[in-house]
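Content type mmCIF, C-alpha atoms, from the file start.cif:
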data_upload
#
loop_
_atom_site.label_atom_id
_atom_site.label_comp_id
_atom_site.auth_asym_id
_atom_site.auth_seq_id
_atom_site.Cartn_x
_atom_site.Cartn_y
_atom_site.Cartn_z
CA MET A 3 0.00 0.00 0.00
CA ALA A 4 2.76 2.45 0.73
CA SER A 5 4.97 2.89 -2.23
CA ALA A 6 8.44 3.96 -1.34
CA SER A 7 8.56 6.39 -4.22
CA GLY A 8 6.52 7.78 -7.07
CA GLU A 9 2.88 8.82 -7.39
CA GLN A 10 0.14 7.55 -5.13
CA THR A 11 -2.85 5.98 -6.77
CA SER A 12 -6.33 7.08 -5.70
CA ALA A 13 -6.85 3.85 -3.84
CA GLU A 14 -3.57 4.32 -2.01
CA TYR A 15 -4.50 7.88 -1.14
CA ILE A 16 -7.79 6.80 0.38
CA GLN A 17 -6.23 3.84 2.09
CA HIS A 18 -3.55 6.06 3.55
CA HIS A 19 -6.14 8.35 5.04
CA LEU A 20 -8.06 5.50 6.59
CA THR A 21 -5.12 3.83 8.28
CA ASN A 22 -4.22 4.50 11.86
CA LEU A 23 -0.84 5.03 13.38
CA VAL A 24 -0.67 1.88 15.44
CA CYS A 25 1.70 0.71 18.13
CA GLY A 26 1.33 -2.81 19.40
CA LYS A 27 2.80 -6.04 20.56
CA THR A 28 4.16 -8.36 17.89
CA PRO A 29 5.81 -11.73 18.52
CA SER A 30 9.12 -9.88 18.39
CA GLY A 31 8.14 -7.24 20.92
CA TRP A 32 6.46 -3.79 20.97
CA THR A 33 6.73 -1.71 17.84
CA CYS A 34 5.15 1.20 16.01
CA ASP A 35 6.29 -0.04 12.63
CA HIS A 36 3.34 -0.05 10.28
CA ASN A 37 4.69 -2.98 8.32
CA ALA A 38 4.38 -5.12 11.41
CA ALA A 39 0.74 -4.09 11.97
CA ASP A 40 -0.54 -7.36 10.56
CA GLN A 41 1.23 -9.33 13.27
CA MET A 42 -0.26 -7.30 16.10
CA GLY A 43 -2.97 -8.94 18.11
CA PHE A 44 -5.45 -7.30 20.44
CA LEU A 45 -2.64 -5.58 22.31
CA ALA A 46 -2.27 -2.67 19.96
CA PHE A 47 -3.14 1.00 20.30
CA HIS A 48 -4.20 3.48 17.69
CA VAL A 49 -1.88 6.16 18.96
CA ASP A 50 -3.35 8.87 16.76
CA SER A 51 -7.02 8.29 17.69
CA LEU A 52 -6.25 7.86 21.33
CA GLY A 53 -3.85 10.80 21.36
CA TRP A 54 -6.34 13.17 19.77
CA SER A 55 -9.09 11.86 21.97
CA ILE A 56 -7.13 12.53 25.16
CA PHE A 57 -5.88 15.86 23.86
CA LEU A 58 -9.43 16.96 23.09
CA GLY A 59 -10.56 15.70 26.48
CA LEU A 60 -7.96 17.97 28.01
CA VAL A 61 -9.19 20.82 25.82
CA PHE A 62 -12.65 20.19 27.24
CA VAL A 63 -11.43 20.31 30.83
CA GLY A 64 -9.29 23.34 30.07
CA LEU A 65 -12.13 25.19 28.41
CA PHE A 66 -14.73 24.36 31.01
CA ARG A 67 -12.69 24.71 34.16
CA LEU A 68 -9.18 26.09 33.82
CA SER A 69 -10.13 28.96 31.54
CA ILE A 70 -12.37 30.35 34.27
CA PRO A 71 -10.11 30.69 37.30
CA LYS A 72 -12.59 32.96 39.00
CA LEU A 73 -16.25 32.07 38.68
CA SER A 74 -18.53 35.05 38.98
CA THR A 75 -22.00 35.01 40.48
CA GLU A 76 -22.72 38.57 39.53
CA ALA A 77 -22.07 39.02 35.86
CA PRO A 78 -20.50 36.09 34.04
CA SER A 79 -18.62 37.04 30.95
CA GLY A 80 -17.03 35.44 27.95
CA ILE A 81 -16.20 31.81 28.41
CA GLN A 82 -18.16 31.49 31.62
CA ASN A 83 -21.30 32.48 29.73
CA PHE A 84 -20.64 29.84 27.14
CA VAL A 85 -19.85 27.20 29.75
CA GLU A 86 -22.97 28.01 31.74
CA MET A 87 -25.05 27.87 28.60
CA CYS A 88 -23.71 24.39 27.80
CA ILE A 89 -24.26 23.18 31.33
CA GLU A 90 -27.76 24.56 31.46
CA PHE A 91 -28.57 22.91 28.15
CA VAL A 92 -27.24 19.55 29.34
CA ASN A 93 -28.94 19.91 32.71
CA ASP A 94 -32.29 20.66 31.08
CA ASN A 95 -31.95 17.58 28.91
CA VAL A 96 -31.00 15.38 31.85
CA GLN A 97 -33.83 16.68 33.97
CA SER A 98 -36.42 16.24 31.25
CA ILE A 99 -35.39 12.60 30.79
CA PHE A 100 -34.56 11.74 34.42
CA THR A 101 -37.94 12.61 35.85
CA SER A 102 -38.17 10.32 38.85
CA ALA A 103 -34.72 9.03 39.73
CA LYS A 104 -31.89 11.29 40.81
CA ASN A 105 -28.26 10.65 39.99
CA ASN A 106 -25.67 13.39 40.15
CA LEU A 107 -23.26 11.49 37.91
CA ILE A 108 -25.51 11.71 34.86
CA GLY A 109 -25.20 15.47 34.36
CA PRO A 110 -21.39 15.62 34.35
CA MET A 111 -21.24 12.50 32.19
CA ALA A 112 -23.70 13.92 29.67
CA LEU A 113 -21.73 17.17 29.55
CA THR A 114 -18.46 15.32 29.01
CA VAL A 115 -20.01 13.20 26.27
CA LEU A 116 -21.55 16.17 24.50
CA VAL A 117 -18.53 18.44 24.49
CA TRP A 118 -15.90 15.78 24.06
CA VAL A 119 -17.65 14.00 21.22
CA PHE A 120 -18.38 17.34 19.59
CA LEU A 121 -14.72 18.33 19.77
CA MET A 122 -13.66 14.97 18.35
CA ASN A 123 -16.21 15.32 15.56
CA LEU A 124 -15.03 18.86 14.95
CA MET A 125 -11.63 17.53 13.87
CA ASP A 126 -13.47 16.35 10.80
CA LEU A 127 -13.64 19.95 9.58
CA VAL A 128 -9.87 20.28 9.48
CA PRO A 129 -9.03 19.67 5.83
CA VAL A 130 -8.14 16.02 5.54
CA ASP A 131 -4.56 16.45 4.33
CA TYR A 132 -3.28 19.10 6.74
CA LEU A 133 -2.52 17.15 9.87
CA PRO A 134 -1.52 13.83 8.22
CA THR A 135 0.91 15.69 5.95
CA LEU A 136 2.32 17.63 8.86
CA ALA A 137 2.72 14.43 10.86
CA GLY A 138 4.40 12.77 7.88
CA GLN A 139 6.85 15.63 7.54
CA VAL A 140 7.62 15.58 11.26
CA ALA A 141 8.09 11.81 11.19
CA GLU A 142 10.41 12.03 8.20
CA ALA A 143 12.39 14.90 9.68
CA THR A 144 12.90 13.11 12.97
CA GLY A 145 13.89 9.95 11.19
CA MET A 146 11.01 7.83 12.41
CA VAL A 147 10.19 6.87 8.82
CA GLU A 148 12.21 7.05 5.66
CA ASN A 149 9.44 8.51 3.55
CA SER A 150 6.67 10.76 4.84
CA LYS A 151 4.19 8.61 2.90
CA ASP A 152 4.91 5.77 5.27
CA ALA A 153 3.67 7.74 8.26
CA TYR A 154 0.04 7.10 9.00
CA PHE A 155 -1.98 9.59 10.94
CA LYS A 156 -5.74 9.55 11.32
CA VAL A 157 -7.02 12.68 12.92
CA VAL A 158 -10.73 12.26 13.70
CA PRO A 159 -11.04 9.96 16.73
CA THR A 160 -14.74 9.28 16.19
CA THR A 161 -14.02 7.71 12.79
CA ASP A 162 -12.28 4.95 14.73
CA PRO A 163 -14.78 2.33 15.99
CA ASN A 164 -12.47 1.63 18.91
CA ILE A 165 -13.09 5.12 20.23
CA THR A 166 -16.86 5.17 19.81
CA LEU A 167 -17.32 1.60 21.04
CA GLY A 168 -14.92 2.33 23.88
CA MET A 169 -17.23 5.06 25.14
CA ALA A 170 -20.26 2.90 24.48
CA LEU A 171 -18.64 0.16 26.55
CA ALA A 172 -18.28 2.53 29.50
CA VAL A 173 -21.94 3.49 29.14
CA PHE A 174 -22.88 -0.19 28.91
CA VAL A 175 -21.02 -0.99 32.10
CA LEU A 176 -22.82 1.87 33.81
CA ILE A 177 -26.17 0.63 32.51
CA ILE A 178 -25.56 -2.79 34.06
CA PHE A 179 -24.13 -1.27 37.24
CA TYR A 180 -27.12 0.99 37.83
CA SER A 181 -29.62 -1.69 36.78
CA ILE A 182 -28.24 -3.98 39.47
CA LYS A 183 -27.81 -1.18 41.99
CA ILE A 184 -31.34 0.16 41.62
CA LYS A 185 -33.29 -3.03 40.98
CA GLY A 186 -31.04 -5.54 42.67
CA LEU A 187 -29.49 -8.52 40.91
CA LYS A 188 -32.81 -10.33 41.13
CA GLY A 189 -34.72 -7.45 39.63
CA PHE A 190 -32.24 -7.09 36.81
CA LEU A 191 -32.36 -10.79 35.99
CA ALA A 192 -36.14 -10.74 36.22
CA GLU A 193 -36.20 -7.91 33.74
CA LEU A 194 -34.04 -9.96 31.39
CA THR A 195 -36.00 -13.20 31.69
CA LEU A 196 -39.63 -12.51 32.59
CA HIS A 197 -40.50 -10.16 29.76
CA PRO A 198 -42.16 -10.02 27.36
CA PHE A 199 -43.71 -13.52 27.46
CA GLY A 200 -43.90 -14.53 31.12
CA LYS A 201 -41.89 -17.07 33.04
CA TRP A 202 -42.66 -20.15 30.90
CA MET A 203 -40.85 -18.70 27.93
CA MET A 204 -37.72 -17.76 29.83
CA PRO A 205 -35.16 -18.74 27.14
CA VAL A 206 -37.01 -16.81 24.47
CA ASN A 207 -37.28 -13.81 26.78
CA LEU A 208 -33.60 -13.99 27.59
CA VAL A 209 -32.67 -13.99 23.92
CA LEU A 210 -34.99 -11.07 23.15
CA GLU A 211 -34.01 -8.98 26.14
CA GLY A 212 -30.36 -9.92 25.73
CA VAL A 213 -30.38 -8.66 22.16
CA ASN A 214 -32.17 -5.57 23.40
CA LEU A 215 -29.52 -5.00 26.03
CA ILE A 216 -26.52 -5.67 23.77
CA ALA A 217 -27.99 -3.57 21.00
CA LYS A 218 -27.78 -0.46 23.16
CA PRO A 219 -23.98 -0.03 23.30
CA ILE A 220 -23.46 -1.45 19.82
CA SER A 221 -25.93 0.90 18.20
CA LEU A 222 -24.68 3.78 20.34
CA GLY A 223 -21.08 3.29 19.24
CA LEU A 224 -21.70 2.31 15.66
CA ARG A 225 -24.10 5.14 14.96
CA LEU A 226 -21.49 7.74 15.82
CA PHE A 227 -18.75 5.84 14.06
CA GLY A 228 -20.81 5.28 10.92
CA ASN A 229 -21.88 8.88 10.57
CA LEU A 230 -18.43 10.29 11.08
CA TYR A 231 -16.69 7.64 9.01
CA ALA A 232 -19.01 8.29 6.10
CA GLY A 233 -18.55 12.03 6.46
CA GLU A 234 -14.81 11.65 6.58
CA MET A 235 -14.89 9.38 3.56
CA ILE A 236 -16.74 11.99 1.55
CA PHE A 237 -14.20 14.61 2.59
CA ILE A 238 -11.43 12.29 1.39
CA LEU A 239 -13.18 11.68 -1.92
CA ILE A 240 -13.67 15.42 -2.41
CA ALA A 241 -10.02 16.02 -1.51
CA LEU A 242 -9.11 13.41 -4.07
CA MET A 243 -10.61 15.64 -6.77
CA LEU A 244 -7.91 18.19 -6.00
CA THR A 245 -5.17 15.70 -6.83
CA PHE A 246 -6.30 15.48 -10.45
CA SER A 247 -4.44 17.79 -12.76
CA SER A 248 -7.58 19.54 -13.89
CA ILE A 249 -8.51 23.03 -12.78
CA SER A 250 -12.23 22.61 -13.35
CA ILE A 251 -12.42 19.43 -11.28
CA GLY A 252 -10.29 21.09 -8.66
CA LEU A 253 -12.60 24.10 -8.44
CA LEU A 254 -15.60 21.82 -8.28
CA GLY A 255 -13.84 20.01 -5.47
CA VAL A 256 -13.33 23.24 -3.53
CA GLY A 257 -17.01 24.14 -3.94
CA LEU A 258 -18.13 20.68 -2.91
CA HIS A 259 -15.81 20.73 0.06
CA LEU A 260 -17.29 24.00 1.24
CA ILE A 261 -20.86 22.74 0.85
CA TRP A 262 -20.13 19.42 2.53
CA ALA A 263 -18.26 21.13 5.36
CA LEU A 264 -21.19 23.48 6.00
CA PHE A 265 -23.62 20.60 5.98
CA HIS A 266 -21.30 18.53 8.10
CA ILE A 267 -21.31 21.11 10.90
CA LEU A 268 -24.91 20.07 11.46
CA ILE A 269 -24.03 16.38 11.51
CA LEU A 270 -21.16 16.89 13.94
CA ALA A 271 -23.28 18.70 16.48
CA LEU A 272 -26.26 16.44 15.93
CA GLN A 273 -24.30 13.24 16.41
CA ALA A 274 -22.70 14.55 19.58
CA PHE A 275 -26.16 15.53 20.84
CA ILE A 276 -27.63 12.14 19.91
CA PHE A 277 -24.82 10.32 21.67
CA MET A 278 -25.48 12.39 24.77
CA VAL A 279 -29.26 11.96 24.72
CA LEU A 280 -29.04 8.21 24.16
CA THR A 281 -26.56 7.91 27.02
CA ILE A 282 -29.01 9.72 29.28
CA VAL A 283 -31.99 7.70 28.03
CA TYR A 284 -30.28 4.34 28.48
CA LEU A 285 -29.21 5.25 31.99
CA ALA A 286 -32.66 6.57 32.79
CA MET A 287 -34.08 3.24 31.65
CA ALA A 288 -31.62 1.49 33.95
CA HIS A 289 -33.04 3.56 36.81
CA GLU A 290 -36.65 2.71 36.07
CA THR A 291 -38.06 0.36 38.65
CA GLU A 292 -41.72 -0.06 37.76
CA ASP A 293 -42.78 -3.10 35.76
CA HIS A 294 -43.64 -2.63 32.16
CA MET B 17 -10.26 -0.57 11.51
CA ASN B 18 -9.33 -3.44 13.76
CA ILE B 19 -10.83 -3.63 17.18
CA ASN B 20 -7.95 -3.65 19.60
CA ALA B 21 -6.81 -2.33 22.95
CA THR B 22 -7.54 1.21 21.77
CA LEU B 23 -11.10 0.45 22.80
CA LEU B 24 -10.10 -0.21 26.39
CA GLY B 25 -7.80 2.80 26.33
CA GLN B 26 -10.70 5.00 25.27
CA THR B 27 -12.96 3.47 27.93
CA LEU B 28 -10.36 4.32 30.54
CA ALA B 29 -9.97 7.84 29.17
CA PHE B 30 -13.74 8.21 29.19
CA VAL B 31 -13.95 7.14 32.82
CA ILE B 32 -11.16 9.54 33.78
CA PHE B 33 -12.62 12.53 31.96
CA VAL B 34 -16.10 11.86 33.31
CA ALA B 35 -14.61 11.63 36.78
CA ILE B 36 -12.75 14.93 36.30
CA CYS B 37 -15.91 16.58 35.06
CA TRP B 38 -17.91 15.05 37.91
CA LYS B 39 -15.49 16.23 40.57
CA TYR B 40 -14.04 19.49 39.30
CA VAL B 41 -15.99 20.93 36.38
CA TRP B 42 -19.67 20.38 37.06
CA PRO B 43 -20.12 21.15 40.79
CA PRO B 44 -18.61 24.65 41.01
CA ILE B 45 -20.42 25.92 37.95
CA ILE B 46 -23.73 24.38 38.91
CA ALA B 47 -23.30 25.81 42.42
CA ILE B 48 -22.66 29.27 41.01
CA MET B 49 -25.65 29.03 38.71
CA GLU B 50 -27.90 27.89 41.52
CA GLU B 51 -26.64 30.66 43.74
CA ARG B 52 -27.36 33.22 41.06
CA GLU B 53 -30.78 31.73 40.44
CA LYS B 54 -31.52 31.98 44.15
CA ARG B 55 -30.28 35.54 44.28
CA ILE B 56 -32.47 36.57 41.39
CA ALA B 57 -35.45 34.82 42.92
CA ASP B 58 -34.75 36.54 46.24
CA GLY B 59 -34.42 39.88 44.49
CA LEU B 60 -37.71 39.42 42.69
CA GLU B 61 -39.40 38.39 45.89
CA ALA B 62 -37.96 41.39 47.73
CA ALA B 63 -39.15 43.66 44.94
CA LYS B 64 -42.60 42.12 45.18
CA LYS B 65 -42.56 42.57 48.94
CA ALA B 66 -41.48 46.18 48.61
CA ASP B 67 -44.23 46.70 46.08
CA ASP B 68 -46.75 45.18 48.45
CA SER B 69 -45.56 47.22 51.39
CA LEU B 70 -45.61 50.36 49.25
CA GLU B 71 -49.18 49.62 48.33
CA GLU B 72 -49.97 48.96 51.97
CA ALA B 73 -48.31 52.20 53.00
CA GLN B 74 -50.22 54.06 50.32
CA LEU B 75 -53.42 52.51 51.58
CA ALA B 76 -52.60 53.38 55.18
CA PHE B 77 -51.65 56.87 54.10
CA ASP B 78 -54.95 57.28 52.27
CA GLN B 79 -56.83 56.01 55.28
CA GLU B 80 -54.99 58.35 57.64
CA MET B 81 -55.54 61.19 55.24
CA ASN B 82 -59.26 60.54 55.00
CA LYS B 83 -59.48 60.25 58.76
CA ALA B 84 -57.59 63.50 59.21
CA LYS B 85 -59.81 65.20 56.67
CA ALA B 86 -62.93 63.94 58.40
CA GLU B 87 -61.56 65.03 61.74
CA ALA B 88 -60.70 68.44 60.41
CA ALA B 89 -64.16 68.78 58.95
CA GLU B 90 -65.65 67.71 62.24
CA ILE B 91 -63.53 70.17 64.19
CA LEU B 92 -64.44 72.91 61.78
CA GLU B 93 -68.09 72.11 62.12
CA LYS B 94 -67.82 72.01 65.89
CA ALA B 95 -66.00 75.32 65.92
CA ASN B 96 -68.62 76.83 63.67
CA SER B 97 -71.46 75.63 65.80
CA ARG B 98 -69.65 76.68 68.93
CA ALA B 99 -69.02 80.13 67.48
CA SER B 100 -72.62 80.55 66.49
CA GLN B 101 -73.65 79.31 69.90
CA ILE B 102 -71.36 81.83 71.55
CA VAL B 103 -72.79 84.57 69.38
CA ASN B 104 -76.32 83.41 70.18
CA ASP B 105 -75.52 83.22 73.87
CA ALA B 106 -73.92 86.63 73.81
CA THR B 107 -76.91 88.06 71.93
CA ALA B 108 -79.35 86.48 74.38
CA LYS B 109 -77.34 87.68 77.33
CA ALA B 110 -77.08 91.13 75.88
CA GLU B 111 -80.80 91.18 75.25
CA THR B 112 -81.63 90.11 78.78
CA GLU B 113 -79.10 92.55 80.12
CA ALA B 114 -80.58 95.30 78.03
CA GLU B 115 -84.06 94.33 79.17
CA LYS B 116 -82.86 94.26 82.73
CA ILE B 117 -81.22 97.63 82.40
CA LEU B 118 -84.29 98.95 80.67
CA SER B 119 -86.63 97.60 83.30
CA SER B 120 -84.45 98.80 86.13
CA ALA B 121 -84.18 102.21 84.46
CA SER B 122 -87.92 102.44 84.00
CA LYS B 123 -88.39 101.33 87.62
CA THR B 124 -86.01 103.98 88.80
CA ILE B 125 -87.78 106.51 86.66
CA GLU B 126 -91.12 105.43 88.07
CA ASN B 127 -89.76 105.55 91.56
CA ASP B 128 -88.36 108.97 90.93
CA VAL B 129 -91.65 110.06 89.45
CA ASN B 130 -93.49 108.63 92.41
CA LYS B 131 -91.09 110.18 94.80
CA ALA B 132 -91.33 113.48 93.02
CA LYS B 133 -95.08 113.13 93.05
CA GLU B 134 -95.01 112.30 96.76
CA GLU B 135 -92.74 115.18 97.45
CA LEU B 136 -94.82 117.42 95.33
CA ARG B 137 -97.94 116.28 97.11
CA GLN B 138 -96.28 116.82 100.45
CA LYS B 139 -95.06 120.21 99.44
CA MET B 140 -98.38 121.02 97.96
CA SER B 141 -100.26 119.90 101.07
CA GLU B 142 -97.94 121.90 103.25
CA LEU B 143 -98.33 124.80 100.95
CA ILE B 144 -102.06 124.44 100.98
CA ILE B 145 -102.16 124.08 104.70
CA ASP B 146 -99.83 126.99 105.14
CA THR B 147 -101.87 129.00 102.75
CA SER B 148 -105.11 127.89 104.33
CA GLU B 149 -103.66 128.71 107.75
CA LYS B 150 -102.71 132.08 106.56
CA ILE B 151 -106.06 132.56 104.94
CA LEU B 152 -107.97 131.22 107.82
CA GLY B 153 -105.64 132.73 110.22
CA ASP B 154 -106.58 130.13 112.51
CA GLU B 155 -104.37 127.75 113.99
CA ILE B 156 -105.16 124.30 113.21
CA SER B 157 -104.40 121.82 115.85
CA PRO B 158 -101.65 119.49 115.16
CA GLU B 159 -104.11 116.61 115.14
CA LYS B 160 -106.31 118.44 112.77
CA HIS B 161 -103.28 119.40 110.83
CA GLN B 162 -102.20 115.84 110.40
CA GLU B 163 -105.65 114.75 109.48
CA LEU B 164 -105.94 117.44 106.92
CA LEU B 165 -102.59 116.54 105.48
CA LYS B 166 -103.53 112.90 105.16
CA LYS B 167 -106.83 113.78 103.65
CA ALA B 168 -105.25 116.11 101.18
CA ALA B 169 -102.57 113.56 100.32
CA SER B 170 -105.11 110.86 99.68
CA GLU B 171 -107.25 113.12 97.59
CA LEU B 172 -104.43 114.34 95.43
#
Before we go any further, please render this structure as structure tokens.
Amino acid sequence: MASASGEQTSAEYIQHHLTNLVCGKTPSGWTCDHNAADQMGFLAFHVDSLGWSIFLGLVFVGLFRLSIPKLSTEAPSGIQNFVEMCIEFVNDNVQSIFTSAKNNLIGPMALTVLVWVFLMNLMDLVPVDYLPTLAGQVAEATGMVENSKDAYFKVVPTTDPNITLGMALAVFVLIIFYSIKIKGLKGFLAELTLHPFGKWMMPVNLVLEGVNLIAKPISLGLRLFGNLYAGEMIFILIALMLTFSSISIGLLGVGLHLIWALFHILILALQAFIFMVLTIVYLAMAHETEDH
Amino acid sequence: MNINATLLGQTLAFVIFVAICWKYVWPPIIAIMEEREKRIADGLEAAKKADDSLEEAQLAFDQEMNKAKAEAAEILEKANSRASQIVNDATAKAETEAEKILSSASKTIENDVNKAKEELRQKMSELIIDTSEKILGDEISPEKHQELLKKAASEL
């Protein structure tokens, strides 16, 4: 896939953009060499996705806490206004969904999900070649790779299913934790086995409810991943138009990129919002105690 | 696009960031917002209270004012009636006094007239007797004299 020299084909260009910088354990030890990626098992990390994810998480904390050293009760200004607006928005959503149960973890979690996922999605608006090219140049200059084309760098964390499913996994664990905490182990198992057909159809119920339960994190993670991956793919395809040596196609590409970027702003925010709302809804369902 | 340990790494990062948000980001801002909300609510309530008390004060003021006006009117009326009474009293007193003076004056006059008449009669009787004595040249006895005097006085 990575040619040591010469022109990239379109397929190679796309492939290059969709490949992560990966470090992992191979039979011969830990390595970040892309050529050894095939030999890596489960013990491998997408350094780029994870790095951006953590960086953007720090941006979130910095923006929401560190940038306001002195909180003002009287007249909030600038960033504090923005932060309060976000928190009020999240709090309203949480309170409209969590009507009966109270849990003071849900608000902060929903806020983290909303802002963090939005920031990760936002990386999608950075033109697709900027950061990978920069990373390639840095890697070549520091001697990590011989040719900058061999350096892989995927910028948008939410186009990596590991990232989205990783968050969904945390939500899933919380769903099970709160289900057992609120309803008791017995109540949780009863919910899994006694609905919808009564106790004589227990296996059928278990299969149905089990699918229902498993579907929550899977759909949560894959929805975000799918939307962002598709969006990213379209950006890559549009960027590909600029590599052709034709001015008219290039100009068309610029126009399309602008239109898609404008439209994508909506998707970015919407997907972050959906992820947040579904997280709240699933956890609210875990808190529900009445029979249905 | 392989699923690998990145997933667990992200889960861990998620847990850590949620914990940071839960402990350090959310509570102070929510606390500040609640405090402000409370302050605004308190302010509105205080304003409402002040409004109410102003209305109450206005009402009390109006009441006091009306009472004072009524009192003033009453006092005025009383003063008027008292003044007219005083005038009436004074008039009545003056009238009686005048009457009294008049009656006493007329009495005095009558007395004087009577006295003058009496004196006149006396003088006249004496004169008559004297004259008669002179004319008659005869001495009249004192008894006779007295009798004559009485007789003359009663006739006159």
Practice item. Apply the PyMOL selection byres ((chain B) within 7 of (chain A)) to the displayed file and report the matching residues as a ChimeraX atom specification. Key: /B:17,19-24,26-27,29-30,33-34,37-38,41-42,48,52
Review point. For Met235 in chain A, which residue out of A:Gln97, A:His259, A:Gln139, A:Thr195 is the nearest one, using all atoms listed in the file?
Key: A:His259
Point to revise | Residue nearest Pro219 in chain A - candidates A:Leu196, A:Val175, A:Met203, A:Ile16, atoms counted: all atoms listed in the file | key: A:Val175
Check your understanding: Evaluating the PyMOL selection byres ((chain A and resi 222) around 9) on the displayed file yields which residues, as a list in words?
Key ->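 With the PyMOL selection byres ((chain A and resi 222) around 9) on this model, the match is Thr166, Leu167, Met169, Ala170, Ala217, Lys218, Pro219, Ile220, Ser221, Gly223, Leu224, Arg225, Leu226, Phe227, Ile276, Phe277, Leu280 and Thr281 of chain A.
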**Study point:** Residues matched by the PyMOL selection byres ((chain A and resi 266-272) around 8), written as a list of chain:residue names
**Key:**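 That selection, the PyMOL selection byres ((chain A and resi 266-272) around 8), comes back as A:Phe120, A:Asn123, A:Leu124, A:Leu127, A:Asn229, A:Leu230, A:Gly233, A:Trp262, A:Ala263, A:Leu264, A:Phe265, A:Gln273, A:Ala274, A:Phe275, A:Ile276.
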For the residues selected in the previous step, produce a file with C-alpha atoms as a PDB file, keeping the file's coordinate frame.
ATOM      1  CA  PHE A 120     -18.380  17.340  19.590  1.00  0.00           C
ATOM      2  CA  ASN A 123     -16.210  15.320  15.560  1.00  0.00           C
ATOM      3  CA  LEU A 124     -15.030  18.860  14.950  1.00  0.00           C
ATOM      4  CA  LEU A 127     -13.640  19.950   9.580  1.00  0.00           C
ATOM      5  CA  ASN A 229     -21.880   8.880  10.570  1.00  0.00           C
ATOM      6  CA  LEU A 230     -18.430  10.290  11.080  1.00  0.00           C
ATOM      7  CA  GLY A 233     -18.550  12.030   6.460  1.00  0.00           C
ATOM      8  CA  TRP A 262     -20.130  19.420   2.530  1.00  0.00           C
ATOM      9  CA  ALA A 263     -18.260  21.130   5.360  1.00  0.00           C
ATOM     10  CA  LEU A 264     -21.190  23.480   6.000  1.00  0.00           C
ATOM     11  CA  PHE A 265     -23.620  20.600   5.980  1.00  0.00           C
ATOM     12  CA  GLN A 273     -24.300  13.240  16.410  1.00  0.00           C
ATOM     13  CA  ALA A 274     -22.700  14.550  19.580  1.00  0.00           C
ATOM     14  CA  PHE A 275     -26.160  15.530  20.840  1.00  0.00           C
ATOM     15  CA  ILE A 276     -27.630  12.140  19.910  1.00  0.00           C
TER      16      ILE A 276
END
Check your understanding: Got a sec: who's within 9 Å of range 176-189 of chain A, counting only C-alpha atoms, leaving out chain neighbours fewer than 2 positions off, as a list in words?
Key -> Leu171, Ala172, Val173, Phe174, Leu191, Ala192, Glu193, Leu194, Tyr284, Leu285, Ala286, Met287, Ala288, His289, Glu290 and Thr291 of chain A
Review point. From the set A:Asp126, A:Ala137, A:Asp40, A:Gly228, which residue has the shortest atom-to-atom contact distance to Asn18 in chain B, counting all atoms listed in the file?
Key: A:Asp40
Practice item. Pull the neighbourhood of (-15.7, 18.9, -5.3) for me: all residues within 10 Å in file coordinates, counting all atoms listed in the file, as a ChimeraX atom specification. Key: /A:236-237,239-244,250-262
Practice item. Quote the spacing between CA of Val209 in chain A and CA of Ile282 in chain A in Å to one decimal place. Key: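 The value is 24.6 Å.
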Put a box with edges along x, y and z around all the listed atoms of range 229-233 of chain A, pad it by 4 Å on each side, then give me its centre and sizes in Å, one decimal, as AutoDock Vina command-line options.
--center_x -19.3 --center_y 9.8 --center_z 8.6 --size_x 13.2 --size_y 12.4 --size_z 13.0
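In this model, the gap between CA of Lys116 in chain B and CA of Ser97 in chain B comes to 27.6 Å.
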Point to revise | d(CA of Thr144 in chain A, CA of Tyr132 in chain A) in Å | key: 18.3 Å
Point to revise | Shell of 12 Å around Val147 in chain A, only C-alpha atoms, local chain residues under 3 positions omitted, as a PyMOL selection string | key: chain A and resi 4+6+34-37+137-144+150-154
Practice item. List the neighbours of range 132-134 of chain B out to 12 Å using all atoms listed in the file; skip same-chain residues closer than 6 positions along the sequence, and give me the result as a ChimeraX atom specification. Key: /B:124-126,140-142,166,168-170,172
May I have the residues from that selection written out with C-alpha atoms, as a PDB file, in the coordinates of the input?
ATOM      1  CA  THR B 124     -86.010 103.980  88.800  1.00  0.00           C
ATOM      2  CA  ILE B 125     -87.780 106.510  86.660  1.00  0.00           C
ATOM      3  CA  GLU B 126     -91.120 105.430  88.070  1.00  0.00           C
ATOM      4  CA  MET B 140     -98.380 121.020  97.960  1.00  0.00           C
ATOM      5  CA  SER B 141    -100.260 119.900 101.070  1.00  0.00           C
ATOM      6  CA  GLU B 142     -97.940 121.900 103.250  1.00  0.00           C
ATOM      7  CA  LYS B 166    -103.530 112.900 105.160  1.00  0.00           C
ATOM      8  CA  ALA B 168    -105.250 116.110 101.180  1.00  0.00           C
ATOM      9  CA  ALA B 169    -102.570 113.560 100.320  1.00  0.00           C
ATOM     10  CA  SER B 170    -105.110 110.860  99.680  1.00  0.00           C
ATOM     11  CA  LEU B 172    -104.430 114.340  95.430  1.00  0.00           C
TER      12      LEU B 172
END
